[in-house]
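Beneath this line is the structure, given in structure tokens, with notes to follow.
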Amino acid sequence: MNAHDSEKVIGTLVSKGYTQVDTPEAAELVLYNTCSIRDKAEQKVFHRLQQFKREAGKGKVFGVLGCVAQQEGEKIFEKAPHVSLVAGSASYTKLPEMLVQLEAGGRRVTGLSLDTDETFETPFTRRDNPHRAYITIIEGCDKSCAYCVVPFTRGPERSRTSASAMDEARRLAEEGYTEIQLLGQNVNSYRDPSPPGWDFATLLTRIGEIPGIRRVRFTTSHPRDFVKAIVEAIDENPALCNHVHLPVQSGSNRVLAAMDRLYTRDEYMRRISWLKSARRNIAITTDIIVGFPGETEADFNETLALLDEVQYDSLFSFKYSPRPNTAALAMGDKIPEEEKTRRLTMVQERQRAIQLRRNSEAVGTVQEVLVEGRNQSLGQWIGRTSQNRTLNFSHAGGNDERLLGQYLDVRVTRAGPNSLVGESVM
Ligand code: SF4
């Protein structure tokens, strides 16, 4: 979402006459878009701001955008006095006005209000990937997971109208994009605010029916709002990718309750059973947090058992880190760092073996890939399957750059834990 926010900010400013340059050194205005989901990311922001400081004397204007901006607010001016603009994502529509204030001699401007029912829509998005485009369909989040800063930094849920999302998707198809990724903190709770009143499954289906759109992905899903109609939509429409990212966070009911995730392990597993009984072979991926306050060895073992039970195709795993303005802060950070590291390593090792097994099942099959790049040193093309696996492959046609963005059939010949290898089928 942050990457796409940056695209929208660039598009908005370019439409107002600004020009994007290649390096911060060449810029007169440097905007730093930030993430505060984990402590490490936030520390990086302040480290980078210190580096910027050396440049600040040369007449550049510095701004901090995104979740750290929202979270730290005017404190950023104290920590990094060379910064002139601080704005959270709910204020991006006001960026041009804020910059006008700075150009008129204002020393510091902020955009920190979360009091908006607007979504950040712009017809001027500047997209960096020529084949895949992101479309935000819902912003903010109404859940209150105990560890998460997002409701504080991105505000309450605001869904975009279906007409506006459809118009953007049609325009993208006309411009030649073939893959659309629908974005939101919780796309499953999308609710069209205009009269058609579409739910997420309907919007997904309709976007998948747009001529020229070959693939539709979405991220991210909250299990509580994940309904069977989404699986049925994937089964019905081949343009909807057979991949669902369904973050579980923990396999222990006790920890799930402490996290305020609003589902039990059984309820989560019911959704997994819908996915596994689909007609299409839907890849399932997830997020895991280890070391949440109070997570016992028994709780942790339940997470490992869940990995064995679900057999995820991939996962993102994290050590819990306390974040400001979250409910979990009051629970303390009780698990020692070394123990969190041990648990994280165990999750990753267990998952590595599962992934190797899952990927090996693909050997001998033919998969359609979108060609995304070329690995010159290996002399291979890099493709992505509908299940979101990376498939590196050789192609008898050689080194023709026109292959980029094409869809090709590739026979899988080998599997590793993180990717597949194959040969294109002529
Ligand atoms: S649903 Fe996701 S974004 Fe919303 S509070 Fe929970 S973890 Fe954060």
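Ordering of the structure tokens sets the chain letters (A, B, ...); residue numbers start at 1 within each chain; ligands are numbered from 1 in the order shown.
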**Message:** Env of segment 60-62 of chain A: 6 Å cut, atoms = only C-alpha atoms, seq-sep filter 2 positions within chain, self excluded. Answer as JSON, numbers by chain.
**Reply:** {"A": [28, 29, 30, 31, 56, 58, 83, 84]}
**Prompt:** When the cut-off is 7 Å and you count only C-alpha atoms and all ligand atoms, which residues lie near ligand 1, shown as a list of chain:residue names?
**Reply:** A:Cys141, A:Asp142, A:Lys143, A:Ser144, A:Cys145, A:Cys148, A:Val149, A:Val150, A:Pro151, A:Gln185, A:Asn186, A:His222, A:Arg261
**Request:** Please identify all polymer residues within 7 Å of Asp299 of chain A, counting only C-alpha atoms, omitting same-chain residues fewer than 4 positions from it, and present them as a PyMOL selection string.
**Result:** chain A and resi 252+295+303
**Message:** When you look at Glu74 of chain A with a cut-off of 8 Å (counting only C-alpha atoms), what residues show up, excluding the ones that are within fewer than 3 positions of it in the same chain? I need them as a PyMOL selection string.
**Reply:** chain A and resi 77-78+86+110
**Message:** as a ChimeraX atom specification, please: every residue in segment 266-368 of chain A that DSSP puts in helix (DSSP H, G or I).
**Reply:** /A:266-276,297-310,327-331,337-360
**Request:** From the DSSP assignment of the backbone, select every residue of segment 34-206 of chain A that is strand (DSSP E or B), and format the answer as a ChimeraX atom specification.
**Result:** /A:34,61-66,83-87,109-111,132-136,138-139,158-159,179-183,191,199
